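A.B. asks: Contents of coords27.cif (mmCIF, C-alpha atoms) are below:
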```cif
data_query
#
loop_
_atom_site.group_PDB
_atom_site.id
_atom_site.type_symbol
_atom_site.label_atom_id
_atom_site.label_comp_id
_atom_site.auth_asym_id
_atom_site.auth_seq_id
_atom_site.Cartn_x
_atom_site.Cartn_y
_atom_site.Cartn_z
ATOM 1 C CA MET A 554 26.652 -108.250 -27.242
ATOM 2 C CA THR A 555 29.063 -110.617 -28.932
ATOM 3 C CA THR A 556 29.662 -114.171 -27.810
ATOM 4 C CA LEU A 557 33.090 -113.128 -26.612
ATOM 5 C CA GLU A 558 31.701 -110.232 -24.616
ATOM 6 C CA ALA A 559 29.078 -112.469 -23.045
ATOM 7 C CA ALA A 560 31.693 -115.079 -22.187
ATOM 8 C CA GLN A 561 33.940 -112.440 -20.637
ATOM 9 C CA ARG A 562 31.069 -111.101 -18.584
ATOM 10 C CA THR A 563 30.231 -114.601 -17.383
ATOM 11 C CA LEU A 564 33.862 -115.268 -16.569
ATOM 12 C CA ALA A 565 33.989 -112.113 -14.492
ATOM 13 C CA ALA A 566 30.902 -113.285 -12.626
ATOM 14 C CA GLU A 567 32.486 -116.663 -11.976
ATOM 15 C CA HIS A 568 35.648 -115.030 -10.645
ATOM 16 C CA ALA A 569 33.436 -113.209 -8.162
ATOM 17 C CA ALA A 570 31.471 -116.355 -7.317
ATOM 18 C CA VAL A 571 34.645 -118.311 -6.541
ATOM 19 C CA TYR A 572 35.857 -115.514 -4.298
ATOM 20 C CA VAL A 573 32.577 -115.177 -2.446
ATOM 21 C CA TYR A 574 32.170 -118.910 -1.998
ATOM 22 C CA GLY A 575 35.639 -119.045 -0.512
ATOM 23 C CA ALA A 576 34.544 -116.482 2.025
ATOM 24 C CA LEU A 577 31.286 -118.289 2.694
ATOM 25 C CA GLY A 578 33.179 -121.514 3.291
ATOM 26 C CA ALA A 579 35.433 -119.772 5.755
ATOM 27 C CA GLN A 580 32.364 -118.586 7.658
ATOM 28 C CA THR A 581 30.769 -122.038 7.826
ATOM 29 C CA SER A 582 31.513 -124.645 10.455
ATOM 30 C CA GLN A 583 31.881 -128.131 9.067
ATOM 31 C CA SER A 584 30.915 -129.643 12.417
ATOM 32 C CA ALA A 585 28.093 -127.296 13.375
ATOM 33 C CA ALA A 586 26.504 -126.985 9.936
ATOM 34 C CA PRO A 587 27.655 -130.016 7.947
ATOM 35 C CA ALA A 588 24.934 -129.861 5.307
ATOM 36 C CA LEU A 589 25.565 -126.200 4.588
ATOM 37 C CA TYR A 590 29.311 -126.767 4.568
ATOM 38 C CA ALA A 591 28.905 -129.588 2.064
ATOM 39 C CA ALA A 592 26.668 -127.464 -0.133
ATOM 40 C CA ILE A 593 29.106 -124.552 -0.032
ATOM 41 C CA SER A 594 32.048 -126.831 -0.791
ATOM 42 C CA SER A 595 30.239 -128.442 -3.694
ATOM 43 C CA ALA A 596 29.235 -125.082 -5.112
ATOM 44 C CA TYR A 597 32.755 -123.742 -4.734
ATOM 45 C CA ALA A 598 34.166 -126.680 -6.707
ATOM 46 C CA GLU A 599 31.507 -126.315 -9.376
ATOM 47 C CA HIS A 600 32.128 -122.612 -9.850
ATOM 48 C CA ARG A 601 35.869 -123.164 -10.080
ATOM 49 C CA ALA A 602 35.242 -125.664 -12.848
ATOM 50 C CA ARG A 603 32.916 -123.262 -14.637
ATOM 51 C CA ARG A 604 35.472 -120.491 -14.328
ATOM 52 C CA ASP A 605 38.213 -122.682 -15.778
ATOM 53 C CA GLN A 606 35.999 -123.716 -18.670
ATOM 54 C CA LEU A 607 35.167 -120.082 -19.378
ATOM 55 C CA VAL A 608 38.855 -119.211 -19.471
ATOM 56 C CA ARG A 609 39.275 -121.845 -22.174
ATOM 57 C CA THR A 610 36.194 -120.611 -24.007
ATOM 58 C CA VAL A 611 37.361 -117.014 -24.045
ATOM 59 C CA THR A 612 40.769 -118.121 -25.259
ATOM 60 C CA ASP A 613 39.216 -120.242 -27.979
ATOM 61 C CA LEU A 614 37.197 -117.232 -29.079
ATOM 62 C CA GLY A 615 40.399 -115.265 -29.481
ATOM 63 C CA GLY A 616 40.051 -113.178 -26.352
ATOM 64 C CA ASP A 617 42.284 -112.459 -23.402
ATOM 65 C CA PRO A 618 40.433 -113.884 -20.391
ATOM 66 C CA VAL A 619 39.437 -111.209 -17.947
ATOM 67 C CA ALA A 620 41.374 -111.493 -14.682
ATOM 68 C CA SER A 621 39.807 -111.700 -11.285
ATOM 69 C CA ALA A 622 39.703 -108.594 -9.161
ATOM 70 C CA THR A 623 41.947 -108.309 -6.143
ATOM 71 C CA SER A 624 38.910 -108.485 -3.909
ATOM 72 C CA TYR A 625 35.145 -108.290 -4.098
ATOM 73 C CA ASP A 626 32.486 -106.806 -1.911
ATOM 74 C CA LEU A 627 31.161 -109.401 0.466
ATOM 75 C CA PRO A 628 27.766 -109.482 2.147
ATOM 76 C CA THR A 629 28.024 -107.537 5.365
ATOM 77 C CA ARG A 630 26.243 -110.129 7.487
ATOM 78 C CA LEU A 631 27.685 -113.628 7.415
ATOM 79 C CA GLY A 632 27.607 -114.491 11.099
ATOM 80 C CA THR A 633 24.993 -117.214 11.015
ATOM 81 C CA PRO A 634 24.300 -120.215 8.791
ATOM 82 C CA ALA A 635 21.089 -118.538 7.680
ATOM 83 C CA GLN A 636 22.990 -115.461 6.544
ATOM 84 C CA VAL A 637 25.584 -117.569 4.744
ATOM 85 C CA SER A 638 22.835 -119.541 3.065
ATOM 86 C CA ARG A 639 21.086 -116.355 2.027
ATOM 87 C CA ALA A 640 24.278 -115.003 0.497
ATOM 88 C CA ALA A 641 24.830 -118.242 -1.419
ATOM 89 C CA ARG A 642 21.260 -118.178 -2.650
ATOM 90 C CA ASP A 643 21.602 -114.605 -3.885
ATOM 91 C CA LEU A 644 24.845 -115.534 -5.595
ATOM 92 C CA GLU A 645 23.324 -118.480 -7.418
ATOM 93 C CA GLU A 646 20.364 -116.411 -8.534
ATOM 94 C CA ALA A 647 22.749 -113.828 -9.933
ATOM 95 C CA CYS A 648 24.729 -116.561 -11.692
ATOM 96 C CA ALA A 649 21.532 -117.967 -13.199
ATOM 97 C CA ALA A 650 20.755 -114.550 -14.668
ATOM 98 C CA THR A 651 24.277 -114.237 -16.024
ATOM 99 C CA TYR A 652 24.090 -117.625 -17.683
ATOM 100 C CA GLY A 653 20.713 -116.687 -19.124
ATOM 101 C CA SER A 654 22.423 -113.810 -20.883
ATOM 102 C CA LEU A 655 25.149 -116.161 -22.079
ATOM 103 C CA VAL A 656 22.496 -118.466 -23.529
ATOM 104 C CA ALA A 657 21.105 -115.556 -25.516
ATOM 105 C CA ASN A 658 24.476 -114.742 -26.995
ATOM 106 C CA THR A 659 25.841 -118.160 -27.874
ATOM 107 C CA ALA A 660 24.912 -121.020 -30.174
ATOM 108 C CA GLY A 661 25.309 -124.757 -30.498
ATOM 109 C CA GLY A 662 27.527 -126.461 -27.950
ATOM 110 C CA GLN A 663 28.409 -123.247 -26.166
ATOM 111 C CA ARG A 664 24.747 -122.479 -25.695
ATOM 112 C CA ARG A 665 24.023 -125.973 -24.425
ATOM 113 C CA TRP A 666 26.836 -125.615 -21.910
ATOM 114 C CA ALA A 667 25.386 -122.295 -20.763
ATOM 115 C CA ILE A 668 21.947 -123.880 -20.368
ATOM 116 C CA THR A 669 23.440 -126.630 -18.227
ATOM 117 C CA ALA A 670 25.129 -124.036 -16.041
ATOM 118 C CA LEU A 671 21.865 -122.087 -15.775
ATOM 119 C CA ASN A 672 19.995 -125.230 -14.752
ATOM 120 C CA ASP A 673 22.647 -126.144 -12.198
ATOM 121 C CA ALA A 674 22.539 -122.694 -10.641
ATOM 122 C CA ALA A 675 18.751 -122.770 -10.466
ATOM 123 C CA VAL A 676 18.702 -126.144 -8.741
ATOM 124 C CA ARG A 677 21.522 -125.104 -6.426
ATOM 125 C CA VAL A 678 19.381 -122.205 -5.239
ATOM 126 C CA LEU A 679 17.142 -124.824 -3.638
ATOM 127 C CA ALA A 680 20.043 -126.206 -1.593
ATOM 128 C CA PHE A 681 20.281 -122.808 0.064
ATOM 129 C CA ARG A 682 16.623 -122.667 1.014
ATOM 130 C CA GLY A 683 15.605 -120.819 -2.093
ATOM 131 C CA THR A 684 12.152 -121.149 -3.569
ATOM 132 C CA PRO A 685 11.465 -122.331 -7.110
ATOM 133 C CA GLU A 686 10.594 -119.811 -9.776
ATOM 134 C CA MET A 687 8.741 -120.053 -13.042
ATOM 135 C CA LEU A 688 11.709 -118.792 -15.055
ATOM 136 C CA PRO A 689 14.896 -118.784 -12.998
ATOM 137 C CA GLY A 690 17.435 -116.442 -14.489
ATOM 138 C CA ALA A 691 14.822 -114.206 -16.087
ATOM 139 C CA ASP A 692 14.421 -111.491 -13.516
ATOM 140 C CA GLU A 693 11.631 -109.792 -15.422
ATOM 141 C CA TYR A 694 9.430 -112.795 -14.606
ATOM 142 C CA THR A 695 10.288 -112.990 -10.924
ATOM 143 C CA ASP A 696 6.807 -112.111 -9.760
ATOM 144 C CA ARG A 697 5.132 -114.830 -11.812
ATOM 145 C CA MET B 502 -3.908 -119.526 -33.355
ATOM 146 C CA ALA B 503 -0.530 -119.292 -35.023
ATOM 147 C CA THR B 504 -0.891 -115.592 -35.630
ATOM 148 C CA THR B 505 -1.980 -114.978 -32.065
ATOM 149 C CA ARG B 506 0.871 -117.040 -30.707
ATOM 150 C CA ARG B 507 3.375 -115.379 -32.970
ATOM 151 C CA THR B 508 2.155 -112.008 -31.828
ATOM 152 C CA ALA B 509 2.374 -112.982 -28.173
ATOM 153 C CA VAL B 510 5.860 -114.394 -28.521
ATOM 154 C CA GLY B 511 6.983 -111.372 -30.446
ATOM 155 C CA ALA B 512 5.702 -109.104 -27.737
ATOM 156 C CA ALA B 513 7.352 -111.169 -25.032
ATOM 157 C CA LEU B 514 10.650 -111.202 -26.843
ATOM 158 C CA ALA B 515 10.524 -107.499 -27.500
ATOM 159 C CA GLY B 516 10.314 -106.993 -23.755
ATOM 160 C CA LEU B 517 13.052 -109.492 -23.079
ATOM 161 C CA ALA B 518 15.388 -107.865 -25.542
ATOM 162 C CA ALA B 519 15.282 -104.731 -23.488
ATOM 163 C CA VAL B 520 16.475 -106.469 -20.342
ATOM 164 C CA SER B 521 18.805 -109.169 -21.623
ATOM 165 C CA GLY B 522 21.283 -106.936 -23.338
ATOM 166 C CA CYS B 523 20.301 -108.315 -26.713
ATOM 167 C CA ASP B 524 20.087 -105.783 -29.464
ATOM 168 C CA ALA B 525 18.347 -107.125 -32.514
ATOM 169 C CA GLY B 526 20.423 -106.920 -35.625
ATOM 170 C CA ARG B 527 23.610 -105.869 -33.908
ATOM 171 C CA HIS B 528 25.016 -109.187 -32.819
ATOM 172 C CA ASP B 529 28.475 -110.157 -33.804
ATOM 173 C CA THR B 530 28.497 -113.824 -32.925
ATOM 174 C CA GLY B 531 30.317 -115.212 -35.866
ATOM 175 C CA GLY B 532 27.073 -115.595 -37.725
ATOM 176 C CA SER B 533 26.036 -118.746 -35.940
ATOM 177 C CA PRO B 534 23.615 -117.751 -33.186
ATOM 178 C CA GLY B 535 21.607 -115.364 -35.351
ATOM 179 C CA VAL B 536 20.256 -113.665 -32.258
ATOM 180 C CA SER B 537 17.336 -111.474 -33.101
ATOM 181 C CA ALA B 538 14.128 -110.315 -31.524
ATOM 182 C CA THR B 539 12.296 -111.356 -34.671
ATOM 183 C CA ALA B 540 10.444 -114.530 -33.739
ATOM 184 C CA ASP B 541 9.177 -115.595 -37.170
ATOM 185 C CA PRO B 542 11.927 -118.140 -37.900
ATOM 186 C CA ASP B 543 11.154 -119.749 -34.568
ATOM 187 C CA THR B 544 7.377 -119.877 -34.891
ATOM 188 C CA ALA B 545 7.304 -123.585 -35.712
ATOM 189 C CA LEU B 546 9.608 -124.283 -32.797
ATOM 190 C CA VAL B 547 7.392 -122.345 -30.419
ATOM 191 C CA ASP B 548 4.309 -124.093 -31.767
ATOM 192 C CA ASP B 549 5.912 -127.463 -31.074
ATOM 193 C CA VAL B 550 6.889 -126.477 -27.542
ATOM 194 C CA VAL B 551 3.429 -125.070 -26.831
ATOM 195 C CA GLY B 552 1.830 -128.253 -28.121
ATOM 196 C CA GLU B 553 4.021 -130.422 -25.938
ATOM 197 C CA LEU B 554 3.488 -128.261 -22.865
ATOM 198 C CA THR B 555 -0.255 -128.276 -23.454
ATOM 199 C CA ASP B 556 -0.316 -132.064 -23.663
ATOM 200 C CA LEU B 557 1.792 -132.350 -20.531
ATOM 201 C CA ALA B 558 -0.370 -129.869 -18.657
ATOM 202 C CA GLY B 559 -3.398 -131.890 -19.669
ATOM 203 C CA LEU B 560 -1.842 -135.063 -18.325
ATOM 204 C CA VAL B 561 -1.011 -133.406 -15.014
ATOM 205 C CA ALA B 562 -4.531 -132.035 -14.718
ATOM 206 C CA SER B 563 -6.012 -135.434 -15.547
ATOM 207 C CA VAL B 564 -3.892 -137.181 -12.932
ATOM 208 C CA GLY B 565 -4.957 -134.641 -10.337
ATOM 209 C CA THR B 566 -8.584 -135.193 -11.248
ATOM 210 C CA ALA B 567 -8.342 -138.983 -11.218
ATOM 211 C CA TYR B 568 -6.342 -139.099 -7.980
ATOM 212 C CA PRO B 569 -7.209 -136.102 -5.812
ATOM 213 C CA ARG B 570 -4.464 -136.887 -3.301
ATOM 214 C CA LEU B 571 -1.951 -136.154 -6.043
ATOM 215 C CA ALA B 572 -3.496 -132.811 -6.883
ATOM 216 C CA GLY B 573 -1.540 -131.030 -4.144
ATOM 217 C CA PRO B 574 1.884 -132.434 -4.989
ATOM 218 C CA LEU B 575 1.291 -131.732 -8.663
ATOM 219 C CA LYS B 576 0.035 -128.190 -8.187
ATOM 220 C CA PRO B 577 3.505 -126.647 -8.719
ATOM 221 C CA PHE B 578 3.672 -128.292 -12.126
ATOM 222 C CA ARG B 579 0.220 -127.041 -13.072
ATOM 223 C CA GLU B 580 1.247 -123.526 -12.146
ATOM 224 C CA LEU B 581 4.539 -123.881 -13.980
ATOM 225 C CA HIS B 582 2.905 -125.048 -17.196
ATOM 226 C CA ALA B 583 0.304 -122.309 -17.049
ATOM 227 C CA ALA B 584 2.984 -119.662 -16.596
ATOM 228 C CA HIS B 585 5.141 -121.041 -19.394
ATOM 229 C CA LEU B 586 2.207 -121.321 -21.771
ATOM 230 C CA GLU B 587 1.242 -117.760 -20.984
ATOM 231 C CA VAL B 588 4.743 -116.552 -21.853
ATOM 232 C CA LEU B 589 4.664 -118.461 -25.138
ATOM 233 C CA GLY B 590 1.146 -117.376 -26.019
ATOM 234 C CA GLY B 591 -0.422 -120.801 -25.591
ATOM 235 C CA ASP B 592 -3.907 -121.569 -24.357
ATOM 236 C CA ALA B 593 -4.654 -122.376 -20.744
ATOM 237 C CA PRO B 594 -4.430 -126.144 -20.209
ATOM 238 C CA THR B 595 -7.471 -128.264 -19.485
ATOM 239 C CA PRO B 596 -7.786 -131.873 -18.283
ATOM 240 C CA SER B 597 -9.266 -132.823 -21.631
ATOM 241 C CA SER B 598 -6.046 -131.912 -23.441
ATOM 242 C CA GLY B 599 -4.159 -134.842 -21.935
ATOM 243 C CA THR B 600 -4.581 -138.468 -21.010
ATOM 244 C CA ALA B 601 -8.103 -139.525 -20.135
ATOM 245 C CA PRO B 602 -8.458 -140.301 -16.405
ATOM 246 C CA GLY B 603 -9.748 -143.789 -17.143
ATOM 247 C CA SER B 604 -6.477 -144.713 -18.828
ATOM 248 C CA LEU B 605 -4.295 -143.843 -15.834
ATOM 249 C CA PRO B 606 -2.890 -146.969 -14.184
ATOM 250 C CA GLY B 607 -3.139 -146.152 -10.484
ATOM 251 C CA PRO B 608 -1.670 -143.250 -8.516
ATOM 252 C CA ALA B 609 1.874 -144.547 -8.138
ATOM 253 C CA ARG B 610 2.281 -145.335 -11.809
ATOM 254 C CA ALA B 611 0.468 -142.175 -12.788
ATOM 255 C CA LEU B 612 2.889 -140.145 -10.715
ATOM 256 C CA GLN B 613 5.810 -141.994 -12.252
ATOM 257 C CA GLU B 614 4.405 -141.245 -15.690
ATOM 258 C CA VAL B 615 4.185 -137.562 -14.803
ATOM 259 C CA ARG B 616 7.773 -137.606 -13.596
ATOM 260 C CA LEU B 617 9.028 -139.227 -16.779
ATOM 261 C CA ARG B 618 7.055 -136.849 -18.961
ATOM 262 C CA GLU B 619 8.251 -133.844 -16.983
ATOM 263 C CA GLN B 620 11.847 -134.998 -17.313
ATOM 264 C CA ARG B 621 11.379 -135.473 -21.042
ATOM 265 C CA SER B 622 9.794 -132.042 -21.333
ATOM 266 C CA GLN B 623 12.667 -130.454 -19.427
ATOM 267 C CA ARG B 624 15.180 -132.000 -21.818
ATOM 268 C CA ARG B 625 13.023 -130.927 -24.734
ATOM 269 C CA LEU B 626 13.105 -127.331 -23.510
ATOM 270 C CA VAL B 627 16.896 -127.520 -23.434
ATOM 271 C CA ASP B 628 16.980 -128.854 -26.980
ATOM 272 C CA ALA B 629 14.510 -126.213 -28.134
ATOM 273 C CA SER B 630 16.643 -123.507 -26.578
ATOM 274 C CA VAL B 631 19.697 -124.786 -28.429
ATOM 275 C CA ALA B 632 17.711 -124.912 -31.663
ATOM 276 C CA ALA B 633 16.192 -121.444 -31.380
ATOM 277 C CA ARG B 634 17.490 -118.909 -33.855
ATOM 278 C CA SER B 635 16.509 -116.025 -31.647
ATOM 279 C CA GLY B 636 18.834 -115.559 -28.708
ATOM 280 C CA ASP B 637 16.030 -114.006 -26.706
ATOM 281 C CA LEU B 638 13.771 -116.966 -27.298
ATOM 282 C CA ALA B 639 16.652 -119.294 -26.454
ATOM 283 C CA ARG B 640 17.017 -117.525 -23.132
ATOM 284 C CA VAL B 641 13.317 -117.835 -22.343
ATOM 285 C CA LEU B 642 13.302 -121.538 -23.176
ATOM 286 C CA ALA B 643 16.459 -122.119 -21.147
ATOM 287 C CA CYS B 644 14.927 -120.348 -18.168
ATOM 288 C CA MET B 645 11.821 -122.496 -18.577
ATOM 289 C CA SER B 646 14.000 -125.590 -18.511
ATOM 290 C CA ALA B 647 15.585 -124.314 -15.309
ATOM 291 C CA GLY B 648 12.154 -123.804 -13.775
ATOM 292 C CA ALA B 649 11.229 -127.363 -14.697
ATOM 293 C CA ALA B 650 14.514 -128.627 -13.252
ATOM 294 C CA GLN B 651 13.709 -126.944 -9.962
ATOM 295 C CA ARG B 652 10.250 -128.513 -9.812
ATOM 296 C CA LEU B 653 11.653 -131.926 -10.629
ATOM 297 C CA ALA B 654 14.263 -131.570 -7.900
ATOM 298 C CA LEU B 655 11.477 -130.920 -5.407
ATOM 299 C CA MET B 656 9.018 -133.481 -6.757
ATOM 300 C CA PRO B 657 7.984 -135.998 -4.119
ATOM 301 C CA ARG B 658 8.871 -139.623 -4.644
ATOM 302 C CA GLY B 659 6.068 -142.052 -5.322
ATOM 303 C CA SER B 660 5.958 -143.652 -1.903
ATOM 304 C CA THR B 661 5.362 -140.357 -0.112
ATOM 305 C CA ALA B 662 3.429 -138.391 -2.702
ATOM 306 C CA GLY B 663 -0.035 -137.403 -1.722
ATOM 307 C CA GLN B 664 0.344 -137.884 2.000
ATOM 308 C CA THR B 665 -0.224 -134.214 2.464
ATOM 309 C CA GLY B 666 -2.364 -133.651 -0.586
#
```
Since I need it in another form, could you write the structure as structure tokens?

C.D. replies:
Amino acid sequence: MTTLEAAQRTLAAEHAAVYVYGALGAQTSQSAAPALYAAISSAYAEHRARRDQLVRTVTDLGGDPVASATSYDLPTRLGTPAQVSRAARDLEEACAATYGSLVANTAGGQRRWAITALNDAAVRVLAFRGTPEMLPGADEYTDR
Amino acid sequence: MATTRRTAVGAALAGLAAVSGCDAGRHDTGGSPGVSATADPDTALVDDVVGELTDLAGLVASVGTAYPRLAGPLKPFRELHAAHLEVLGGDAPTPSSGTAPGSLPGPARALQEVRLREQRSQRRLVDASVAARSGDLARVLACMSAGAAQRLALMPRGSTAGQTG
């Protein structure tokens, strides 16, 4: 996989993350679940920023940034804060894995940026009641 | 030791290459990342990381021995270091590989020392990942840094540590 391909794949994942977080925010009551709402809002802003940076990265690499899809499949059950939190947790775990792949296919400053994004996603998992792992983002080590 | 470690890392990376989408020798990354499943160029880097993790694991074990009420709160770090050392082909940590219990300056300061050393180690894993020539190794080290970041985010503060341990 080239750096450009990895960046495009990560950008596509961030397009999906922004979309899903928008839906999760819409399903979360700011008054009834303020902590969850704040966490969702913070994550939404962070993923938008990551997406925008990836657009610049892809452009800098000479690529045409992949566009977002018209819509994405959403989790079927988002009726409770616990279900919203679960969906956010799954999303962050998926993002951590995607950034792990980006780390493997970049170098220098781009790699460092990908590591930061991986670390952020891993820590954000905890905000959604996730449990720590030995190697977040490396699914083959999940059972360790 | 070096040969054993090199062999272990090579085996780990061979497995990782299969799942990370990395294909040794076929990367077109402008020549800079040099992603490859061949770990030899990174052996010294891995040795350094293993040495640092072993020292840190020894410190954590020593603190838990000297101050049993900290053993519980520090257990996640012991498990983390053991898992990371296993992946990198390092030896299992022992209390004797770190600071001697007699030199630890009380539980609060010992815990603070662990926190500072864990933070330093986490940053070191990031730097090692950036420095790795192998993309697969870089990914493993980055994921290790993420695991350390999670543990640090959950680490109890000094005033409350040990109340349940």

A.B. asks: Please measure the separation of atom CA of Leu655 of chain A and atom CA of Gly578 of chain A, giving the value in Å to one decimal.

C.D. replies: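 According to the coordinates, atom CA of Leu655 of chain A and atom CA of Gly578 of chain A are separated by 27.1 Å.
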
A.B. asks: Evaluate the PyMOL selection byres ((chain A) within 9 of (chain B)) here and jot the selected residues down as a ChimeraX atom specification.

C.D. replies: /A:554-557,649-650,652-662,664-665,667-669,671-679,684-693,697

A.B. asks: How far is it from atom CA of Val573 of chain A to atom CA of Val611 of chain A, in Å with one decimal?

C.D. replies: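 So the answer is 22.2 Å.
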
A.B. asks: Arg618 of chain B: which residues within 10 Å, counting all atoms listed in the file, same-chain residues fewer than 4 positions away excluded, as a PyMOL selection string?

C.D. replies: chain B and resi 553+556-557+560-561+612-614+622-624

A.B. asks: May I have the residues from that selection written out with C-alpha atoms, as a short mmCIF file (atom, residue, chain, number, x, y, z; two decimals), in the frame of the given file?

C.D. replies:
```
data_model
loop_
_atom_site.label_atom_id
_atom_site.label_comp_id
_atom_site.auth_asym_id
_atom_site.auth_seq_id
_atom_site.Cartn_x
_atom_site.Cartn_y
_atom_site.Cartn_z
CA GLU B 553 4.02 -130.42 -25.94
CA ASP B 556 -0.32 -132.06 -23.66
CA LEU B 557 1.79 -132.35 -20.53
CA LEU B 560 -1.84 -135.06 -18.32
CA VAL B 561 -1.01 -133.41 -15.01
CA LEU B 612 2.89 -140.15 -10.72
CA GLN B 613 5.81 -141.99 -12.25
CA GLU B 614 4.40 -141.24 -15.69
CA SER B 622 9.79 -132.04 -21.33
CA GLN B 623 12.67 -130.45 -19.43
CA ARG B 624 15.18 -132.00 -21.82
#
```

A.B. asks: Applying the PyMOL selection byres ((chain A and resi 632-639) around 10) to the file I just gave you, which residues come out? Please list them as an MDAnalysis selection string.

C.D. replies: chainID A and resid 574 576:578 580:582 585:586 589:590 592:593 628:631 640:645 678 680:683

A.B. asks: Which of these residues is nearest to Thr544 of chain B, using all atoms listed in the file: B:Val564, B:Ala629, B:Ala593, B:Leu575?

C.D. replies: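 Closest to Thr544 of chain B, using all atoms listed in the file: B:Ala629.
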
A.B. asks: Figure out the distance between atom CA of Gly590 of chain B and atom CA of Thr555 of chain B, please, to one decimal in Å.

C.D. replies: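 So the two atoms, atom CA of Thr555 of chain B and atom CA of Gly590 of chain B, lie 11.3 Å apart.
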
A.B. asks: Closest to Arg621 of chain B among B:Leu554, B:Pro606, B:Lys576, B:Pro569, using all atoms listed in the file?

C.D. replies: B:Leu554

A.B. asks: Evaluated on this file, the PyMOL selection byres ((chain A and resi 562) around 10) picks out some residues - which ones are they, written as an MDAnalysis selection string?

C.D. replies: chainID A and resid 556:561 563:568 607 618:619 651:652 654:655

A.B. asks: Considering only C-alpha atoms, can you say which of A:Gly575, A:Trp666, A:Cys648, A:Ala569 comes closest to Tyr597 of chain A?

C.D. replies: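 Distance minimum relative to Tyr597 of chain A lands on A:Gly575.
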
A.B. asks: If we count all atoms listed in the file and set the cut-off at 9 Å, which residues sit around Pro608 of chain B, ignoring sequence neighbours fewer than 5 positions away in its own chain? Please answer as a list in words.

C.D. replies: Val564, Ala567, Tyr568, Arg570, Leu571, Gln613 and Gly659 of chain B
